[in-house]
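What follows is a single structure, written as structure tokens, with notes after it.
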Amino acid sequence: MDLDRLAEEIVAVCRSLFARGYTASTGGNISHRTSQGFLITATNTSFGSLSTNDLVECKLGGTLVRAGATKPSKELPLHSAIYRNRPDINAVVHLHSPASIAYSCLAEPTAGGNCLPAITPYACLRVGRVPLVPYVRPGSAALAESVGGAASALEVNAVLMQNHGMTAFGNTLEQAVAVAEELELTLQAWLLTRGHARVLTDNEVEELDSSIQPGTQRPRLLSGSRA
Ligand SMILES: [Zn+2]
């Protein structure tokens with residue numbers, strides 16, 4: 001796909017996500033792999049008013065392919081880390097979506113494990129295992145390292161970031177967005193039940209043949225937290 005067409009696709013996706021409340025203000029950033037590295041949304045831009053001029057092509061090492069006035073998102077190192085660790089991934093979607101932020105503040109970080117409560121078959125089948133990495137400053141090298149590390153397992157399609165939001169990824173932009181939507185929907189449903197949702201049994205999870213290990217699909221909340 002040529003860069004102009006890819007830029008138009010990214011802009012359309014950003015505007016759609018903004019219109020549906022998946023992010024607000026200047027939160028969130030999206031990228032897609034290119035032959036030279038990846039195309040990423042610029043810093044301090046809103047998904048709601050993004051144009052194709054608000055995208056910057058960067059190399060995997062972080063340098064710009066063409067010098068210009070537009071600066072890439074400060075989460076460029078995070079996107080770069082995922083592309084370096086996952087050659088199968090071509091698109092990365094980072095969102096400050098309401099349910100992902102709320103849940104990331106309630107659940108305990110999981111290191112390499114899973115924090116997503118398996119309350120629907122689709123949480124298992126379409127999202128799978130979701131690690132929650134501990135809070136560190138947005139845009140920091142430490143955040144890029146922790147998310148990139150958690151994303152390095154082939155069965156992982158999304159990572160939650162404590163007190164921050166989510167990062168979803170996929171082979172295509174469409175797939176990355178679908179994972180983000182299903183993850184947000186699952187967390188919304190869990191929050192709507194105030195954490196009392198029935199979680200699928202180990203046998204039911206096993207039957208789905210998902211990447212979630214039976215017994216790990218029940219969320220552990222921070223002490224004192226109530227959904
Ligand atoms: Zn962010």
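Here, A, B, ... name the chains of the structure tokens in the order displayed, residue numbers run from 1 inside each chain, and ligands are numbered from 1 in the same displayed order.
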- Contacts of range 31-42 of chain A within 6 Å, only C-alpha atoms, excl. fewer than 4 positions in-chain, as a PyMOL selection string: chain A and resi 54-60+71-73+90-92
- Task: May I ask you to write as a ChimeraX atom specification all residues lying at most 7 Å from ligand 1, with only C-alpha atoms and all ligand atoms counted?
- Result: /A:27-28,94-96,138,164-165
Could you write those residues out with N, CA and C atoms, as a compact mmCIF listing (two decimals), in the first residue's frame?
```txt
# COMPACT_ATOMS: atom_id res chain seq x y z
N GLY A 27 -5.31 12.58 23.37
CA GLY A 27 -4.87 11.26 23.83
C GLY A 27 -4.82 10.24 22.69
N GLY A 28 -3.93 9.28 22.83
CA GLY A 28 -3.85 8.16 21.90
C GLY A 28 -2.94 8.41 20.72
N HIS A 94 -2.79 2.76 20.29
CA HIS A 94 -2.72 3.08 21.72
C HIS A 94 -3.84 4.05 22.06
N LEU A 95 -4.68 3.68 23.03
CA LEU A 95 -5.87 4.47 23.35
C LEU A 95 -5.96 4.77 24.85
N HIS A 96 -6.52 5.95 25.14
CA HIS A 96 -6.91 6.28 26.51
C HIS A 96 -8.42 6.09 26.59
N PRO A 138 4.33 8.26 30.97
CA PRO A 138 4.07 8.15 29.53
C PRO A 138 5.24 8.70 28.72
N HIS A 164 -3.27 4.33 32.84
CA HIS A 164 -2.96 4.97 31.57
C HIS A 164 -3.93 4.56 30.46
N GLY A 165 -4.03 3.29 30.12
CA GLY A 165 -4.92 2.88 29.03
C GLY A 165 -4.48 1.57 28.41
```
- Task: Mind checking which residues fall within 6 Å of Thr167 in chain A, counting only C-alpha atoms, ignoring those fewer than 6 positions away in the same chain, and posting them as a list in words?
- Result: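 Residues meeting the cut-off are Val93, His94, Ala158 and Val159 of chain A.
For Val133 in chain A, the non-local neighbours within 10 Å, defined as residues at least 5 positions apart in the same chain or in other chains and counting only C-alpha atoms, are Ser104, Glu108, Pro109, Thr110, Ala111, Gly112, Gly113, Cys115, Leu143, Ser146, Val147, Gly149, Ala150, Val159, Leu160, Met161, Gln162 and Asn163 of chain A.
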Could those selected residues go to a file with N, CA and C atoms, as a compact mmCIF listing (two decimals), in the first residue's frame?
```txt
# COMPACT_ATOMS: atom_id res chain seq x y z
N SER A 104 -7.48 -0.41 34.41
CA SER A 104 -6.03 -0.42 34.66
C SER A 104 -5.69 0.16 36.02
N GLU A 108 -4.48 -5.56 39.55
CA GLU A 108 -3.06 -5.69 39.91
C GLU A 108 -2.24 -5.96 38.67
N PRO A 109 -1.08 -5.31 38.53
CA PRO A 109 -0.19 -5.65 37.40
C PRO A 109 0.12 -7.14 37.41
N THR A 110 0.29 -7.70 36.22
CA THR A 110 0.37 -9.15 36.11
C THR A 110 1.72 -9.67 35.63
N ALA A 111 2.69 -8.80 35.48
CA ALA A 111 3.95 -9.20 34.84
C ALA A 111 3.62 -9.82 33.50
N GLY A 112 3.96 -11.09 33.29
CA GLY A 112 3.70 -11.70 31.98
C GLY A 112 2.35 -12.38 31.88
N GLY A 113 1.52 -12.29 32.92
CA GLY A 113 0.30 -13.09 32.95
C GLY A 113 -0.86 -12.46 32.23
N CYS A 115 -4.63 -10.26 32.75
CA CYS A 115 -5.48 -9.49 33.67
C CYS A 115 -6.91 -9.42 33.17
N LEU A 143 8.56 2.70 29.83
CA LEU A 143 7.23 2.25 29.37
C LEU A 143 7.37 1.47 28.07
N SER A 146 8.68 -1.98 28.96
CA SER A 146 7.74 -2.91 29.62
C SER A 146 6.63 -3.35 28.66
N VAL A 147 6.08 -2.41 27.87
CA VAL A 147 5.02 -2.80 26.94
C VAL A 147 5.59 -3.68 25.83
N GLY A 149 8.14 -5.60 26.00
CA GLY A 149 8.45 -6.91 26.58
C GLY A 149 7.19 -7.76 26.72
N ALA A 150 6.11 -7.12 27.25
CA ALA A 150 4.86 -7.86 27.45
C ALA A 150 4.25 -8.27 26.11
N VAL A 159 -1.95 -5.01 25.45
CA VAL A 159 -1.33 -4.84 26.77
C VAL A 159 -2.07 -3.69 27.45
N LEU A 160 -2.42 -3.86 28.73
CA LEU A 160 -2.97 -2.74 29.49
C LEU A 160 -1.84 -2.06 30.25
N MET A 161 -1.95 -0.74 30.37
CA MET A 161 -0.91 0.05 31.03
C MET A 161 -1.54 0.70 32.26
N GLN A 162 -1.01 0.39 33.44
CA GLN A 162 -1.63 0.84 34.68
C GLN A 162 -1.79 2.36 34.73
N ASN A 163 -2.95 2.82 35.17
CA ASN A 163 -3.27 4.26 35.28
C ASN A 163 -3.07 5.01 33.98
```
- Between CA of Tyr135 in chain A and CA of Leu222 in chain A - distance in Å to one decimal: 13.3 Å
- From the DSSP assignment of the backbone, select every residue of range 18-179 of chain A that is alpha helix (DSSP H), and format the answer as a ChimeraX atom specification. /A:18-19,76-85,98-106,121-122,141-150,173-179
- Message: With only C-alpha atoms as the counted atoms, please give the residues lying no more than 12 Å from range 193-206 of chain A, apart from itself and same-chain residues fewer than 6 positions off, as a ChimeraX atom specification.
- Response: /A:102-103,106-107,116-125,128-129,186-187,212-221,225-227
Do you know which residues are at most 6 Å from range 2-8 of chain A counting only C-alpha atoms, after dropping those on the same chain fewer than 2 positions away, and could you put them as a short mmCIF file (atom, residue, chain, number, x, y, z; two decimals) with C-alpha atoms, in the first residue's frame?
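As written to disk, out-v2.cif reads:
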```
data_model
loop_
_atom_site.label_atom_id
_atom_site.label_comp_id
_atom_site.auth_asym_id
_atom_site.auth_seq_id
_atom_site.Cartn_x
_atom_site.Cartn_y
_atom_site.Cartn_z
CA ILE A 10 -5.12 5.86 9.53
CA VAL A 11 -6.92 9.22 9.54
CA THR A 52 -2.89 13.20 6.57
#
```
- Run DSSP on the backbone and give me the residues of range 107-169 of chain A it puts in strand (DSSP E or B), as a PyMOL selection string. chain A and resi 107+132-133+158-161+165-169
Export, as a tab-separated table (two decimals), in the first residue's frame, the selected residues with C-alpha atoms.
```
chain	number	residue	atom	x	y	z
A	107	ALA	CA	-6.41	-4.48	38.67
A	132	LEU	CA	-1.07	-5.33	32.71
A	133	VAL	CA	2.26	-3.50	33.08
A	158	ALA	CA	-2.99	-6.21	23.64
A	159	VAL	CA	-1.33	-4.84	26.77
A	160	LEU	CA	-2.97	-2.74	29.49
A	161	MET	CA	-0.91	0.05	31.03
A	165	GLY	CA	-4.92	2.88	29.03
A	166	MET	CA	-4.39	0.17	26.44
A	167	THR	CA	-2.20	-0.73	23.48
A	168	ALA	CA	-3.61	-3.19	20.94
A	169	PHE	CA	-1.85	-4.52	17.86
```
- Item | Counting only C-alpha atoms, the residue of A:Arg15, A:Gly139, A:Ile101, A:Arg20 that sits nearest Thr43 in chain A |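 Closest to Thr43 in chain A, using only C-alpha atoms: A:Gly139.
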- Message: Report, in Å with one decimal, the straight-line distance from CA of Ala180 in chain A to CA of Ser80 in chain A.
- Response: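 One can read the CA of Ala180 in chain A to CA of Ser80 in chain A distance as 18.7 Å.
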